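The file target.txt contains compact mmCIF, C-alpha atoms:
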```txt
# COMPACT_ATOMS: atom_id res chain seq x y z
CA MET A 1 227.55 74.66 169.34
CA SER A 2 224.90 77.04 168.04
CA PHE A 3 225.84 79.92 165.76
CA TRP A 4 223.84 82.26 167.99
CA GLU A 5 226.21 81.65 170.89
CA TYR A 6 228.82 83.73 169.06
CA ALA A 7 226.37 86.64 169.03
CA ASN A 8 226.04 86.58 172.81
CA PRO A 9 227.34 90.02 173.91
CA LYS A 10 230.08 88.58 176.10
CA LYS A 11 231.27 86.06 173.50
CA PHE A 12 230.93 88.65 170.74
CA MET A 13 233.29 90.96 172.61
CA GLY A 14 235.66 88.06 173.18
CA TRP A 15 236.05 86.76 169.63
CA THR A 16 235.97 90.10 167.84
CA ALA A 17 238.86 91.63 169.81
CA PRO A 18 241.62 89.44 168.27
CA VAL A 19 239.95 89.40 164.84
CA LEU A 20 239.76 93.16 164.30
CA PRO A 21 243.50 93.83 163.69
CA TYR A 22 243.60 91.17 160.97
CA VAL A 23 240.46 92.51 159.27
CA PHE A 24 241.75 96.09 159.26
CA GLY A 25 245.20 94.93 158.14
CA ALA A 26 243.74 92.98 155.21
CA ALA A 27 241.52 95.95 154.30
CA ALA A 28 244.49 98.34 154.31
CA LEU A 29 246.52 95.95 152.15
CA CYS A 30 243.74 95.47 149.58
CA LEU A 31 242.92 99.17 149.40
CA THR A 32 246.57 100.15 149.04
CA ILE A 33 247.19 97.65 146.25
CA GLY A 34 243.88 98.27 144.48
CA LEU A 35 243.95 102.07 144.57
CA ILE A 36 247.62 102.43 143.60
CA TRP A 37 247.21 99.87 140.83
CA GLY A 38 243.99 101.44 139.61
CA PHE A 39 245.01 105.10 139.69
CA PHE A 40 248.64 104.84 138.59
CA PHE A 41 249.08 101.63 136.59
CA THR A 42 245.99 101.43 134.39
CA PRO A 43 245.62 103.27 131.07
CA ASP A 44 243.14 106.01 130.29
CA ASP A 45 239.91 104.87 128.69
CA PHE A 46 239.55 105.60 124.98
CA ARG A 47 236.24 107.38 125.61
CA GLN A 48 236.29 108.57 129.22
CA GLY A 49 239.98 109.38 129.49
CA SER A 50 241.45 109.52 132.99
CA THR A 51 238.00 110.10 134.54
CA VAL A 52 237.34 106.36 134.28
CA LYS A 53 239.61 105.84 137.28
CA ILE A 54 236.94 107.26 139.59
CA ILE A 55 235.41 103.76 139.46
CA TYR A 56 237.98 102.56 141.99
CA LEU A 57 236.23 104.70 144.59
CA HIS A 58 232.75 105.11 143.15
CA VAL A 59 231.89 101.48 142.38
CA PRO A 60 233.06 100.00 145.74
CA ALA A 61 231.41 102.82 147.71
CA ALA A 62 228.11 102.51 145.81
CA THR A 63 228.20 98.73 146.19
CA MET A 64 228.73 99.01 149.94
CA ALA A 65 226.06 101.72 150.25
CA THR A 66 223.38 99.30 149.11
CA GLY A 67 225.07 96.27 150.66
CA THR A 68 225.14 97.98 154.06
CA TRP A 69 221.41 98.61 153.92
CA PHE A 70 220.72 94.95 153.15
CA MET A 71 222.97 93.95 156.05
CA MET A 72 220.93 96.29 158.27
CA LEU A 73 217.73 94.71 156.90
CA ALA A 74 218.98 91.20 157.80
CA ALA A 75 220.00 92.34 161.28
CA SER A 76 216.64 94.09 161.76
CA LEU A 77 214.72 90.97 160.74
CA ILE A 78 216.76 88.94 163.23
CA TRP A 79 215.80 91.46 165.91
CA VAL A 80 212.11 91.30 164.99
CA VAL A 81 212.05 87.49 164.94
CA ARG A 82 214.48 86.57 167.72
CA ARG A 83 214.71 89.80 169.77
CA HIS A 84 218.50 89.48 169.69
CA HIS A 85 219.98 92.71 171.01
CA VAL A 86 223.36 92.38 169.31
CA SER A 87 221.67 92.24 165.89
CA ALA A 88 219.82 95.50 166.61
CA LEU A 89 223.04 97.12 167.80
CA ALA A 90 224.87 95.87 164.70
CA ALA A 91 222.24 97.46 162.46
CA ARG A 92 222.58 100.72 164.36
CA ALA A 93 226.37 100.52 164.15
CA ALA A 94 226.29 99.97 160.38
CA ALA A 95 224.07 102.95 159.56
CA PRO A 96 226.71 105.75 159.76
CA ILE A 97 229.07 103.61 157.68
CA GLY A 98 226.40 103.13 155.02
CA LEU A 99 225.62 106.85 155.11
CA THR A 100 229.29 107.65 154.49
CA MET A 101 229.50 105.14 151.63
CA THR A 102 226.37 106.62 150.06
CA LEU A 103 227.81 110.13 150.34
CA ILE A 104 231.07 108.99 148.72
CA GLY A 105 229.05 107.38 145.94
CA LEU A 106 227.07 110.57 145.34
CA LEU A 107 230.12 112.85 145.37
CA THR A 108 232.30 110.66 143.16
CA GLY A 109 229.37 110.17 140.80
CA ALA A 110 228.99 113.95 140.54
CA ILE A 111 232.72 114.36 139.86
CA TRP A 112 232.48 111.76 137.08
CA GLY A 113 229.19 113.12 135.73
CA GLN A 114 230.39 116.64 135.03
CA PRO A 115 232.87 115.76 132.24
CA MET A 116 230.78 112.83 130.96
CA TRP A 117 227.25 114.26 131.07
CA GLY A 118 228.01 117.96 131.25
CA THR A 119 226.33 118.27 134.65
CA TYR A 120 227.03 117.25 138.24
CA TRP A 121 223.50 115.97 138.76
CA ALA A 122 220.66 114.60 136.67
CA TRP A 123 217.32 113.23 137.86
CA ASP A 124 218.22 109.82 136.51
CA PRO A 125 216.21 106.91 138.07
CA ARG A 126 219.30 105.35 139.62
CA LEU A 127 220.69 108.63 140.93
CA THR A 128 217.34 109.69 142.34
CA SER A 129 216.78 106.38 144.16
CA PHE A 130 220.34 106.58 145.49
CA LEU A 131 219.65 110.06 146.86
CA ILE A 132 216.46 108.79 148.52
CA LEU A 133 218.50 105.96 150.06
CA PHE A 134 220.84 108.62 151.49
CA LEU A 135 217.83 110.35 153.07
CA PHE A 136 216.63 107.03 154.51
CA TYR A 137 220.04 106.60 156.15
CA LEU A 138 219.67 110.05 157.72
CA GLY A 139 216.16 109.20 158.91
CA TYR A 140 217.28 105.85 160.32
CA ILE A 141 220.10 107.44 162.34
CA ALA A 142 217.84 110.28 163.52
CA MET A 143 215.17 107.82 164.69
CA TRP A 144 217.68 105.92 166.82
CA GLU A 145 218.78 109.19 168.42
CA ALA A 146 215.26 110.53 168.95
CA ILE A 147 213.75 107.53 170.79
CA GLU A 148 214.96 106.95 174.33
CA ASP A 149 213.80 103.37 174.83
CA PRO A 150 216.26 101.18 172.88
CA ASP A 151 213.80 98.34 172.22
CA THR A 152 211.19 100.73 170.83
CA ALA A 153 213.86 102.40 168.72
CA ALA A 154 214.96 99.00 167.40
CA ASP A 155 211.36 98.11 166.51
CA LEU A 156 210.64 101.34 164.63
CA THR A 157 213.98 101.47 162.84
CA SER A 158 213.45 97.89 161.73
CA VAL A 159 210.21 98.94 160.01
CA LEU A 160 211.98 101.91 158.43
CA CYS A 161 214.75 99.60 157.24
CA MET A 162 212.23 97.32 155.53
CA VAL A 163 210.62 100.26 153.73
CA GLY A 164 213.98 101.72 152.71
CA SER A 165 215.03 98.42 151.20
CA VAL A 166 212.81 99.22 148.22
CA PHE A 167 215.05 102.16 147.37
CA ALA A 168 218.18 100.11 148.04
CA ILE A 169 216.98 97.66 145.39
CA LEU A 170 216.09 100.47 143.00
CA SER A 171 219.46 102.17 143.45
CA ARG A 172 221.12 98.92 142.44
CA TYR A 173 218.83 97.75 139.63
CA ALA A 174 217.13 100.92 138.35
CA VAL A 175 219.14 100.68 135.14
CA ASN A 176 217.54 97.29 134.50
CA PHE A 177 214.02 98.44 135.40
CA TRP A 178 214.02 101.54 133.18
CA ASN A 179 215.65 101.86 129.79
CA GLN A 180 215.84 105.62 130.04
CA GLY A 181 218.47 107.32 132.17
CA LEU A 182 222.03 108.52 131.85
CA HIS A 183 223.66 106.11 134.26
CA GLN A 184 225.58 103.30 132.63
CA GLY A 185 225.09 99.61 133.42
CA ALA A 186 227.07 97.58 135.94
CA SER A 187 230.86 97.81 135.68
CA LEU A 188 231.16 94.16 136.70
CA SER A 189 228.74 91.97 134.81
CA LEU A 190 228.40 88.52 133.30
CA ASP A 191 227.47 90.31 130.09
CA ALA A 192 230.67 90.73 128.09
CA GLU A 193 229.32 93.90 126.46
CA GLU A 194 228.83 95.62 129.84
CA HIS A 195 231.81 94.16 131.70
CA VAL A 196 234.78 96.53 131.91
CA SER A 197 238.07 95.56 130.29
CA ASP A 198 240.32 93.16 132.22
CA VAL A 199 242.90 95.87 132.74
CA PHE A 200 240.33 97.81 134.78
CA TRP A 201 238.36 95.08 136.56
CA GLN A 202 241.29 93.36 138.28
CA PRO A 203 242.24 96.32 140.51
CA LEU A 204 238.53 97.14 140.82
CA VAL A 205 237.81 93.74 142.37
CA ILE A 206 240.68 94.25 144.82
CA CYS A 207 239.25 97.66 145.78
CA ILE A 208 235.81 96.15 146.33
CA VAL A 209 237.29 93.45 148.57
CA GLY A 210 239.13 96.17 150.49
CA PHE A 211 235.92 98.15 150.99
CA VAL A 212 234.09 95.02 152.16
CA LEU A 213 236.82 94.21 154.68
CA LEU A 214 236.86 97.82 155.87
CA PHE A 215 233.09 97.69 156.32
CA VAL A 216 233.29 94.44 158.29
CA GLY A 217 236.00 95.86 160.54
CA LEU A 218 234.12 99.11 161.16
CA VAL A 219 230.83 97.31 161.90
CA LEU A 220 232.51 94.98 164.40
CA MET A 221 234.29 97.90 166.07
CA ARG A 222 231.20 100.08 166.23
CA THR A 223 229.04 97.17 167.47
CA ARG A 224 231.52 96.65 170.30
CA THR A 225 231.15 100.35 171.11
CA GLU A 226 227.35 100.08 171.08
CA ILE A 227 227.48 97.10 173.46
CA ARG A 228 229.68 99.06 175.87
CA ALA A 229 227.37 102.09 175.63
CA ARG A 230 224.35 99.88 176.39
CA ARG A 231 226.12 98.45 179.45
CA ILE A 232 226.96 101.95 180.66
CA ARG A 233 223.35 103.09 180.28
CA ALA A 234 222.17 100.01 182.19
CA LEU A 235 224.62 100.71 185.02
CA GLU A 236 223.56 104.37 185.16
CA ALA A 237 219.89 103.37 185.31
CA ARG A 238 220.63 100.88 188.10
CA ALA A 239 222.57 103.53 190.03
CA ARG A 240 219.67 105.98 189.77
CA ARG A 241 217.25 103.38 191.15
CA ALA A 242 219.57 102.55 194.06
```

Could you spell out this file's structure in structure tokens?
Amino acid sequence: MSFWEYANPKKFMGWTAPVLPYVFGAAALCLTIGLIWGFFFTPDDFRQGSTVKIIYLHVPAATMATGTWFMMLAASLIWVVRRHHVSALAARAAAPIGLTMTLIGLLTGAIWGQPMWGTYWAWDPRLTSFLILFLFYLGYIAMWEAIEDPDTAADLTSVLCMVGSVFAILSRYAVNFWNQGLHQGASLSLDAEEHVSDVFWQPLVICIVGFVLLFVGLVLMRTRTEIRARRIRALEARARRA
């Protein structure tokens, strides 16, 4: 059996229905454990104090902000190569989720930045590229809404997604590209000097898993909604022609 058979709209609706409750349940469990553990059962950092605990929201949200865009890029490339409608609808469904994650990342970063840097915002390379990524999300969503023909919208948003991927990469690796900048390195790293202490990273990993599961559940749910909306539009168009 081909993998692509599971992406057939009818089969997609069939296998995702029983899966969704388990995905959301696992996400709720991981987020509950990770956030309670992180906020209430970890010590204050010797430098950052209690503000360090913002990482349990900021790091997973920022990770998913860039990860969502790369998922949209993969789905867009599948659309361009195979003209698979579910992939285009999945990319469209993921965009508002990525926008929300990016906004959470920006807001929590500002909350952390004020006591650490003395300002809510700085034109740091990583922060600036992350803000541009946020604007690309807005543009992507607006383009889908502005173009009536869904195939044309999928084509143009796919191009926009490819261009925006540059800023998704920069928002993730800007610290490595430029030595200057206020933003610290990765919280989870193979480099022992950058990697956070074990007491912090264990609940952080659980939070990241929770955010990933929440993202998967929301994308599946919203893709199902997009498939239904496409069917409704097709039926309305057929009724007008009749």

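Of the listed residues A:Phe39, A:Phe12, A:Tyr56, A:Phe24, the one whose atoms come nearest to A:Val205 is A:Tyr56, with distances taken using all atoms listed in the file.
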
Practice task
Could you tell me how far atom CA of A:Leu89 lies from atom CA of A:Leu31, in Å and to one decimal?
Solution key: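 So the answer is 27.2 Å.
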
Handout entry: Within 8 Å of stretch 199-204 of chain A using all atoms listed in the file, minus same-chain residues under 4 positions, as a ChimeraX atom specification
Key = /A:33-35,37-38,42,55-56,60,188,208

Exercise for the section: Calculate how many Å separate atom CA of A:Ala91 from atom CA of A:Leu213, rounding to one decimal. Expected result: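 If I compute the distance from atom CA of A:Ala91 to atom CA of A:Leu213, I get 16.8 Å.
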
Problem - Ref. answer, residues at most 12 Å from (213.4, 90.3, 161.8) with only C-alpha atoms, as a VMD selection string - result: chain A and resid 71 to 85 87 to 88 91 154 to 159 161 to 162

Problem - Gap from atom CA of A:Ala239 to atom CA of A:Ile227 - Å, one decimal - result: 18.4 Å

Handout entry: Residue nearest A:Ile54 - candidates A:Leu107, A:Ala95, A:Ile169, A:Val219, atoms counted: only C-alpha atoms
Key =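 Smallest distance to A:Ile54 is found for A:Leu107.
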
Problem - Neighbours of point (240.8, 94.1, 167.0) within 12 Å, using only C-alpha atoms, written as a list in words - result: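 Every residue inside that radius is included here: Phe12, Met13, Gly14, Trp15, Thr16, Ala17, Pro18, Val19, Leu20, Pro21, Tyr22, Val23, Phe24, Gly25, Val216, Gly217, Leu218, Val219, Leu220, Met221, Arg222 and Arg224 of chain A.
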
Give me a file of those residues, with C-alpha atoms, as a PDB file, in the frame of the given file.
```
ATOM      1  CA  PHE A  12     230.930  88.650 170.740  1.00  0.00           C
ATOM      2  CA  MET A  13     233.290  90.960 172.610  1.00  0.00           C
ATOM      3  CA  GLY A  14     235.660  88.060 173.180  1.00  0.00           C
ATOM      4  CA  TRP A  15     236.050  86.760 169.630  1.00  0.00           C
ATOM      5  CA  THR A  16     235.970  90.100 167.840  1.00  0.00           C
ATOM      6  CA  ALA A  17     238.860  91.630 169.810  1.00  0.00           C
ATOM      7  CA  PRO A  18     241.620  89.440 168.270  1.00  0.00           C
ATOM      8  CA  VAL A  19     239.950  89.400 164.840  1.00  0.00           C
ATOM      9  CA  LEU A  20     239.760  93.160 164.300  1.00  0.00           C
ATOM     10  CA  PRO A  21     243.500  93.830 163.690  1.00  0.00           C
ATOM     11  CA  TYR A  22     243.600  91.170 160.970  1.00  0.00           C
ATOM     12  CA  VAL A  23     240.460  92.510 159.270  1.00  0.00           C
ATOM     13  CA  PHE A  24     241.750  96.090 159.260  1.00  0.00           C
ATOM     14  CA  GLY A  25     245.200  94.930 158.140  1.00  0.00           C
ATOM     15  CA  VAL A 216     233.290  94.440 158.290  1.00  0.00           C
ATOM     16  CA  GLY A 217     236.000  95.860 160.540  1.00  0.00           C
ATOM     17  CA  LEU A 218     234.120  99.110 161.160  1.00  0.00           C
ATOM     18  CA  VAL A 219     230.830  97.310 161.900  1.00  0.00           C
ATOM     19  CA  LEU A 220     232.510  94.980 164.400  1.00  0.00           C
ATOM     20  CA  MET A 221     234.290  97.900 166.070  1.00  0.00           C
ATOM     21  CA  ARG A 222     231.200 100.080 166.230  1.00  0.00           C
ATOM     22  CA  ARG A 224     231.520  96.650 170.300  1.00  0.00           C
TER      23      ARG A 224
END
```

Practice task
Considering all atoms listed in the file, return as a ChimeraX atom specification whatever protein or nucleic-acid residues lie within 12 Å of A:Val59, sequence-local ones (same chain, fewer than 2 positions apart) excluded.
Solution key: /A:52-57,61-67,101-102,104-109,112,172,184-188,196,200-201,203-209,211-212
